[in-house]
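Participant: My structure file target_20.txt, compact mmCIF, C-alpha atoms, is below:
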```txt
# COMPACT_ATOMS: atom_id res chain seq x y z
CA MET P 1 6.34 35.03 5.32
CA ARG P 2 4.87 31.85 3.89
CA GLU P 3 1.19 31.46 4.60
CA GLU P 4 0.27 27.97 5.73
CA LEU P 5 -3.07 26.24 6.01
CA SER P 6 -3.64 23.60 8.62
CA VAL P 7 -6.01 21.03 7.15
CA PHE P 8 -6.95 17.97 9.15
CA ILE P 9 -7.31 14.75 7.19
CA PRO P 10 -8.15 12.04 9.74
CA GLU P 11 -5.88 9.02 9.82
CA GLN P 12 -7.42 5.60 9.41
CA SER P 13 -9.88 5.04 12.25
CA ASP P 14 -10.24 1.30 11.68
CA ALA P 15 -8.23 -1.37 9.88
CA ASP P 16 -11.31 -2.47 7.95
CA PRO P 17 -11.91 -0.08 5.00
CA VAL P 18 -15.69 -0.59 5.05
CA ARG P 19 -15.89 0.03 8.80
CA ARG P 20 -13.64 3.03 8.31
CA ALA P 21 -16.01 4.40 5.68
CA GLN P 22 -18.96 3.93 8.05
CA ILE P 23 -17.14 5.85 10.79
CA GLN P 24 -16.24 8.64 8.40
CA MET P 25 -19.84 8.88 7.22
CA LYS P 26 -20.94 9.59 10.78
CA ARG P 27 -18.53 12.50 11.04
CA PRO P 28 -19.56 15.87 9.62
CA GLN P 29 -17.43 16.50 6.55
CA ALA P 30 -15.71 19.84 6.14
CA LYS P 31 -16.97 22.04 3.33
CA ARG P 32 -14.61 22.70 0.48
CA PHE P 33 -13.14 26.14 1.17
CA TYR P 34 -10.66 26.49 -1.69
CA THR P 35 -10.72 26.92 -5.45
CA ASP P 36 -7.24 26.32 -6.81
CA VAL P 37 -4.90 23.45 -6.00
CA THR P 38 -1.27 23.84 -7.03
CA VAL P 39 2.04 22.08 -6.49
CA GLU P 40 4.98 24.38 -5.90
CA PRO P 41 8.69 23.86 -5.12
CA GLU P 42 9.48 24.00 -1.41
CA GLY P 43 13.19 23.48 -0.81
CA GLU P 44 14.01 20.08 -2.31
CA ALA P 45 10.37 18.96 -2.20
CA PHE P 46 7.04 19.95 -3.77
CA ALA P 47 4.28 21.32 -1.56
CA VAL P 48 0.55 21.01 -2.15
CA LYS P 49 -1.13 24.41 -1.83
CA LEU P 50 -4.76 25.46 -1.67
CA ASP P 51 -5.37 28.92 -3.08
CA GLY P 52 -1.66 29.56 -2.60
CA ARG P 53 -1.56 28.48 1.04
CA ALA P 54 0.58 25.54 2.13
CA VAL P 55 -1.26 22.54 3.54
CA LYS P 56 -0.26 21.02 6.88
CA THR P 57 -0.53 17.36 7.88
CA PRO P 58 -2.40 16.29 11.04
CA GLY P 59 1.01 16.42 12.76
CA LYS P 60 1.37 20.09 11.72
CA ASN P 61 4.10 19.32 9.19
CA LEU P 62 4.21 20.66 5.65
CA LEU P 63 2.45 18.43 3.12
CA ALA P 64 5.33 18.21 0.66
CA LEU P 65 6.34 15.33 -1.60
CA PRO P 66 9.80 14.31 -2.91
CA THR P 67 8.89 14.66 -6.62
CA ARG P 68 6.52 16.87 -8.56
CA ALA P 69 4.76 13.79 -9.94
CA ALA P 70 4.03 12.57 -6.41
CA GLY P 71 2.87 16.05 -5.42
CA GLU P 72 0.54 16.21 -8.40
CA PHE P 73 -0.90 12.80 -7.58
CA VAL P 74 -1.80 13.95 -4.08
CA ALA P 75 -3.02 17.31 -5.37
CA ALA P 76 -5.39 15.53 -7.76
CA GLU P 77 -7.28 14.15 -4.75
CA TRP P 78 -7.81 17.68 -3.45
CA ARG P 79 -8.96 18.88 -6.89
CA ALA P 80 -11.43 16.00 -7.11
CA GLN P 81 -13.29 16.99 -3.93
CA GLY P 82 -16.82 18.29 -4.36
CA THR P 83 -18.67 20.67 -2.09
CA THR P 84 -17.34 18.76 0.95
CA ILE P 85 -13.97 17.18 1.69
CA ASP P 86 -14.27 13.41 1.99
CA PRO P 87 -11.14 11.95 3.65
CA GLU P 88 -12.16 8.43 2.61
CA SER P 89 -11.63 9.41 -1.03
CA MET P 90 -8.06 10.60 -0.37
CA PRO P 91 -5.88 7.50 0.17
CA ALA P 92 -2.75 9.08 -1.32
CA THR P 93 -3.04 12.04 1.05
CA ARG P 94 -3.34 9.65 4.00
CA ILE P 95 -0.25 7.75 2.88
CA ALA P 96 1.70 10.99 2.49
CA ASN P 97 0.55 12.18 5.93
CA THR P 98 1.68 8.91 7.48
CA ALA P 99 5.05 9.12 5.74
CA ILE P 100 5.66 12.67 6.92
CA ASP P 101 4.24 12.44 10.44
CA ALA P 102 5.23 8.91 11.43
CA VAL P 103 7.47 6.96 9.06
CA ALA P 104 10.04 9.75 8.82
CA ASP P 105 10.83 9.24 12.52
CA GLN P 106 10.89 5.43 12.42
CA ALA P 107 12.04 4.53 8.92
CA GLU P 108 14.30 1.71 10.08
CA ALA P 109 11.52 0.04 12.04
CA VAL P 110 9.16 0.24 9.05
CA PHE P 111 11.84 -1.16 6.74
CA GLU P 112 12.46 -4.06 9.12
CA ASP P 113 8.73 -4.73 9.42
CA ILE P 114 8.42 -5.11 5.64
CA VAL P 115 11.42 -7.45 5.59
CA ARG P 116 9.90 -9.41 8.47
CA TYR P 117 6.86 -10.12 6.30
CA SER P 118 9.07 -12.03 3.89
CA GLY P 119 9.85 -14.48 6.68
CA SER P 120 6.19 -15.47 6.92
CA ASP P 121 5.07 -14.53 3.44
CA LEU P 122 1.70 -15.52 1.99
CA LEU P 123 3.39 -17.18 -0.99
CA CYS P 124 5.33 -19.61 1.18
CA TYR P 125 2.38 -21.02 3.13
CA ARG P 126 0.60 -23.63 1.05
CA ALA P 127 -2.65 -25.50 1.45
CA ASP P 128 -2.55 -29.25 2.05
CA GLY P 129 -5.82 -29.62 0.14
CA PRO P 130 -8.03 -29.71 -1.86
CA GLN P 131 -5.72 -30.80 -4.64
CA GLU P 132 -7.13 -28.25 -7.07
CA LEU P 133 -6.17 -25.41 -4.74
CA VAL P 134 -2.74 -26.94 -4.09
CA GLU P 135 -2.09 -27.11 -7.83
CA ARG P 136 -3.31 -23.57 -8.40
CA GLN P 137 -0.99 -22.22 -5.73
CA HIS P 138 1.98 -24.02 -7.24
CA GLU P 139 1.08 -22.93 -10.76
CA ARG P 140 0.68 -19.24 -9.95
CA TRP P 141 2.85 -18.60 -6.90
CA ASP P 142 5.90 -20.71 -7.73
CA PRO P 143 6.95 -18.48 -10.68
CA VAL P 144 7.17 -15.50 -8.33
CA LEU P 145 9.44 -17.43 -5.97
CA SER P 146 11.57 -18.55 -8.92
CA TRP P 147 11.87 -14.95 -10.10
CA LEU P 148 12.87 -13.85 -6.60
CA ALA P 149 15.59 -16.51 -6.44
CA ALA P 150 16.92 -15.78 -9.92
CA ASN P 151 16.92 -11.99 -9.66
CA HIS P 152 17.62 -11.36 -5.98
CA SER P 153 19.25 -14.61 -4.80
CA ALA P 154 16.51 -14.95 -2.18
CA ARG P 155 15.45 -18.58 -1.91
CA PHE P 156 12.59 -19.36 0.45
CA ILE P 157 11.24 -22.72 1.56
CA LEU P 158 7.60 -23.76 1.19
CA ILE P 159 5.53 -24.59 4.24
CA GLU P 160 2.45 -26.78 4.21
CA GLY P 161 -0.26 -25.62 6.59
CA VAL P 162 -0.36 -22.55 8.84
CA ILE P 163 2.17 -23.37 11.56
CA HIS P 164 4.98 -20.82 11.42
CA GLN P 165 8.45 -22.00 10.42
CA GLU P 166 11.59 -19.92 10.27
CA GLN P 167 12.96 -19.10 6.85
CA PRO P 168 16.74 -19.30 6.22
CA GLU P 169 18.46 -16.17 7.55
CA GLU P 170 20.38 -15.76 4.30
CA SER P 171 17.10 -15.69 2.35
CA VAL P 172 15.63 -12.93 4.50
CA ALA P 173 18.94 -11.04 4.29
CA ALA P 174 18.89 -11.30 0.49
CA PHE P 175 15.35 -9.95 0.46
CA ALA P 176 16.40 -7.04 2.66
CA LYS P 177 19.23 -6.27 0.24
CA ALA P 178 16.75 -6.20 -2.65
CA LEU P 179 14.67 -3.67 -0.74
CA GLU P 180 17.62 -1.59 0.45
CA ALA P 181 17.18 1.18 -2.13
CA GLU P 182 13.79 2.09 -0.67
CA ARG P 183 14.68 4.22 2.32
CA SER P 184 12.66 7.39 1.81
CA PRO P 185 9.70 7.77 4.20
CA LEU P 186 7.18 7.97 1.36
CA ALA P 187 8.55 4.91 -0.44
CA LEU P 188 8.52 2.91 2.78
CA SER P 189 4.99 4.08 3.55
CA CYS P 190 3.80 2.94 0.12
CA LEU P 191 5.59 -0.41 0.37
CA HIS P 192 4.25 -1.04 3.87
CA VAL P 193 0.67 -0.32 2.78
CA MET P 194 1.00 -2.71 -0.17
CA THR P 195 2.62 -5.41 1.96
CA THR P 196 -0.03 -5.32 4.67
CA LEU P 197 -2.87 -5.25 2.14
CA THR P 198 -1.56 -8.28 0.23
CA GLY P 199 0.09 -10.13 3.09
CA SER P 200 3.10 -10.54 0.83
CA ALA P 201 6.34 -8.59 0.82
CA MET P 202 7.37 -10.74 -2.15
CA LEU P 203 4.47 -9.59 -4.30
CA THR P 204 5.18 -6.02 -3.23
CA LEU P 205 8.79 -6.36 -4.37
CA ALA P 206 7.65 -7.87 -7.69
CA LEU P 207 5.41 -4.86 -8.22
CA ARG P 208 8.19 -2.46 -7.24
CA ASP P 209 10.47 -4.12 -9.78
CA ARG P 210 7.71 -3.98 -12.41
CA HIS P 211 7.94 -7.75 -12.76
CA LEU P 212 4.20 -7.94 -12.14
CA THR P 213 1.42 -5.45 -12.73
CA LEU P 214 -0.87 -4.11 -10.04
CA ASP P 215 -3.76 -6.30 -11.23
CA GLN P 216 -1.54 -9.40 -11.33
CA VAL P 217 -0.30 -8.80 -7.80
CA TRP P 218 -3.82 -8.22 -6.50
CA ALA P 219 -5.09 -11.42 -8.12
CA LEU P 220 -2.21 -13.49 -6.73
CA ALA P 221 -2.76 -12.05 -3.26
CA HIS P 222 -6.40 -13.18 -3.40
CA LEU P 223 -5.88 -16.56 -5.02
CA ASP P 224 -7.27 -18.48 -2.04
CA GLU P 225 -10.21 -16.11 -1.67
CA ASP P 226 -11.07 -16.39 -5.37
CA TRP P 227 -10.92 -20.17 -5.19
CA THR P 228 -13.36 -20.12 -2.26
CA ASP P 229 -15.69 -17.76 -4.14
CA GLU P 230 -15.70 -20.08 -7.13
CA HIS P 231 -16.77 -23.03 -5.03
CA TRP P 232 -18.98 -21.46 -2.35
CA GLY P 233 -20.22 -18.23 -3.84
CA VAL P 234 -19.28 -14.59 -3.41
CA ASP P 235 -19.64 -12.84 -0.06
CA LEU P 236 -20.88 -9.36 -1.00
CA GLU P 237 -19.58 -7.72 2.17
CA ALA P 238 -16.16 -9.27 1.66
CA GLN P 239 -16.25 -8.14 -1.96
CA ALA P 240 -16.97 -4.55 -0.85
CA ARG P 241 -14.09 -4.65 1.64
CA ARG P 242 -11.80 -5.96 -1.08
CA ALA P 243 -12.77 -3.13 -3.42
CA LYS P 244 -11.97 -0.59 -0.70
CA ARG P 245 -8.60 -2.18 -0.06
CA PHE P 246 -7.80 -2.16 -3.77
CA THR P 247 -8.36 1.59 -3.88
CA GLU P 248 -5.70 2.00 -1.20
CA MET P 249 -3.41 -0.48 -2.93
CA ALA P 250 -3.69 1.36 -6.23
CA ALA P 251 -2.94 4.70 -4.55
CA ALA P 252 0.17 3.29 -2.85
CA ALA P 253 1.41 1.74 -6.10
CA ALA P 254 0.83 4.95 -8.06
CA LEU P 255 2.60 7.06 -5.43
CA LEU P 256 5.58 4.70 -5.45
CA GLU P 257 5.75 4.92 -9.22
CA ALA P 258 5.48 8.74 -9.04
CA LEU P 259 8.63 8.79 -6.91
CA ARG P 260 10.56 7.53 -9.94
CA VAL P 261 9.47 10.44 -12.10
CA THR P 262 11.94 13.30 -11.80
CA ASP P 263 11.76 16.67 -13.52
```
Could you render the structure as C-alpha cells?

Facilitator:
Amino acid sequence: MREELSVFIPEQSDADPVRRAQIQMKRPQAKRFYTDVTVEPEGEAFAVKLDGRAVKTPGKNLLALPTRAAGEFVAAEWRAQGTTIDPESMPATRIANTAIDAVADQAEAVFEDIVRYSGSDLLCYRADGPQELVERQHERWDPVLSWLAANHSARFILIEGVIHQEQPEESVAAFAKALEAERSPLALSCLHVMTTLTGSAMLTLALRDRHLTLDQVWALAHLDEDWTDEHWGVDLEAQARRAKRFTEMAAAAALLEALRVTD
C-alpha cells in the first residue's frame, strides 16, 4: 500500500503578495520534518515525495505533475526549505495545488476567463496624455499587437481612456484559437496566474509562444508604472509588492515551460 503524507500548504490568503506575507508571518510555521525530496512516477504523472511518502494537496489529492521537469521544479521548493516550511516561498507548489484541487474541475471556466481578458486587455487601453506616455505605449505595445495579428490573425482595436469598449468577436475568437492547445489544468493555472499578474492575456500568449522573454513581458506590463516612477519617484511599498508578484510570475512561467520538457 502506498504511504501518503498529507501536507497543508495554505492557499493565498490575500490578493496582495505583501499583505499575504504579513499574514503568513503571523502564523506559526511548521517545522521541516523530512530529509529527502524525490520525484517518482505515479501512473502517467510524477509525484513529489518526502522521505518516500507521497504529498497531498490541501484538497487531499496527490501532488503529482504532468512531466518530470515540472515535478522537479516543485520538488526544488521543498528541498530549499530550512528548519521550517515557509509557504510564502513556495509559489510553484501553490500553483500546482490550485491546478489539482480547483482548475481540474473547472478548466473550461478558467480557459474562458483568460480569453475574456483579451477583450479588455491592458495593451489595448491607451492614455490620452501626456504625449510622452502616449508615444511610449505606441512604441512598445504596438509591436506586440502587430505580432498577434500576423501570427494568430487576432486584430484588436485600440481604446483611448478607461471606458470599456467591446472588441470584435472574431478577434477574441482568434485569440481563443491561439490558446486552444493549453487545456491541461496546470497549464491553465500557470497562464491564469500570469494573465492576472500582468493584466494582459496578450503578453501571456507572447511569453507562451516565446516571442517575448519573462523580463520583457514584465517590463511591458509595468510600462505605465515605470513612467510614473520616472516622473514622480519610486513608491517603496509598491516596489516591494511588485517584487513579490514577480516571484509568482517567474514560478508560473517556469512551470509552464517545464510542461514542454518530456522524458

Participant: Which value, in Å to one decimal, gives the distance between atom CA of P:Ala201 and atom CA of P:Ala150?

Facilitator: 16.7 Å

Participant: So which one's closest to P:Leu63, P:Asp36, P:Ala99, P:Gln81, P:Arg245? Using all atoms listed in the file, please.

Facilitator: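 Looking at the shortest contact to P:Leu63, the residue is P:Ala99.
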
Participant: Taking all atoms listed in the file into account, name the residue in P:Met249, P:Ala76, P:Leu223, P:Ala176 that is nearest to P:Met194.

Facilitator: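 Between P:Met249, P:Ala76, P:Leu223, P:Ala176, the residue approaching P:Met194 most closely is P:Met249.
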
Participant: Can you work out which one of P:Ala187, P:Val234, P:Met90, P:Ile100 has the shortest atom-to-atom distance to P:Glu248, counting only C-alpha atoms?

Facilitator: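 Among the listed residues, P:Met90 lies closest to P:Glu248.
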
Participant: Rounded to one decimal in Å, what is the spacing between atom CA of P:Leu186 and atom CA of P:Phe156?

Facilitator: 27.9 Å

Participant: Could you work out how far atom CA of P:Ala252 lies from atom CA of P:His192, giving the answer in Å with one decimal?

Facilitator: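 For atom CA of P:His192 relative to atom CA of P:Ala252, the distance reads 9.0 Å.
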
Participant: Using the file's own x, y and z axes, so that the box edges lie along x, y and z, what centre and edge lengths in Å (one decimal) does a box around every listed atom of stretch 209-224 of chain P get when 8 Å is added on each side? Give it as lines of an AutoDock Vina configuration file.

Facilitator:
```
center_x = 1.6
center_y = -11.2
center_z = -7.4
size_x = 33.7
size_y = 30.5
size_z = 26.7
```

Participant: Which is closer to P:Glu225 than all the others in P:Leu179, P:Pro130, P:Gln239, P:Asn151, using all atoms listed in the file?

Facilitator: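 Once distances to P:Glu225 are computed over all atoms listed in the file, the minimum belongs to P:Gln239.
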
Participant: Kindly indicate which residue among P:Asp121, P:Asp105, P:Glu132, P:Asp209 lies nearest to P:His152, using all atoms listed in the file for the distances.

Facilitator: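 Checking each candidate against P:His152, we get P:Asp209 as the closest.
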
Participant: Considering only C-alpha atoms, return as a count of residues only whatever protein or nucleic-acid residues lie within 12 Å of P:Ala80, sequence-local ones (same chain, fewer than 6 positions apart) excluded.

Facilitator: 11

Participant: Looking at all atoms listed in the file, which of P:Pro66, P:Glu72, P:Ile95, P:Asp224 is the one that sits closest to P:Val134?

Facilitator: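 Closest residue, counting all atoms listed in the file: P:Asp224.
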
Participant: With only C-alpha atoms as the counted atoms, please give the residues lying no more than 12 Å from P:Leu205, apart from itself and same-chain residues fewer than 6 positions off, as an MDAnalysis selection string.

Facilitator: chainID P and resid 114:115 117:118 121 144:145 147:148 151:152 154 175:182 187:188 190:192 194:195 198 211:214 217 253 256

Participant: Would you save the residues from that selection as a compact mmCIF listing (two decimals), in the coordinates of the input, using C-alpha atoms?

Facilitator:
```txt
# COMPACT_ATOMS: atom_id res chain seq x y z
CA ILE P 114 8.42 -5.11 5.64
CA VAL P 115 11.42 -7.45 5.59
CA TYR P 117 6.86 -10.12 6.30
CA SER P 118 9.07 -12.03 3.89
CA ASP P 121 5.07 -14.53 3.44
CA VAL P 144 7.17 -15.50 -8.33
CA LEU P 145 9.44 -17.43 -5.97
CA TRP P 147 11.87 -14.95 -10.10
CA LEU P 148 12.87 -13.85 -6.60
CA ASN P 151 16.92 -11.99 -9.66
CA HIS P 152 17.62 -11.36 -5.98
CA ALA P 154 16.51 -14.95 -2.18
CA PHE P 175 15.35 -9.95 0.46
CA ALA P 176 16.40 -7.04 2.66
CA LYS P 177 19.23 -6.27 0.24
CA ALA P 178 16.75 -6.20 -2.65
CA LEU P 179 14.67 -3.67 -0.74
CA GLU P 180 17.62 -1.59 0.45
CA ALA P 181 17.18 1.18 -2.13
CA GLU P 182 13.79 2.09 -0.67
CA ALA P 187 8.55 4.91 -0.44
CA LEU P 188 8.52 2.91 2.78
CA CYS P 190 3.80 2.94 0.12
CA LEU P 191 5.59 -0.41 0.37
CA HIS P 192 4.25 -1.04 3.87
CA MET P 194 1.00 -2.71 -0.17
CA THR P 195 2.62 -5.41 1.96
CA THR P 198 -1.56 -8.28 0.23
CA HIS P 211 7.94 -7.75 -12.76
CA LEU P 212 4.20 -7.94 -12.14
CA THR P 213 1.42 -5.45 -12.73
CA LEU P 214 -0.87 -4.11 -10.04
CA VAL P 217 -0.30 -8.80 -7.80
CA ALA P 253 1.41 1.74 -6.10
CA LEU P 256 5.58 4.70 -5.45
```
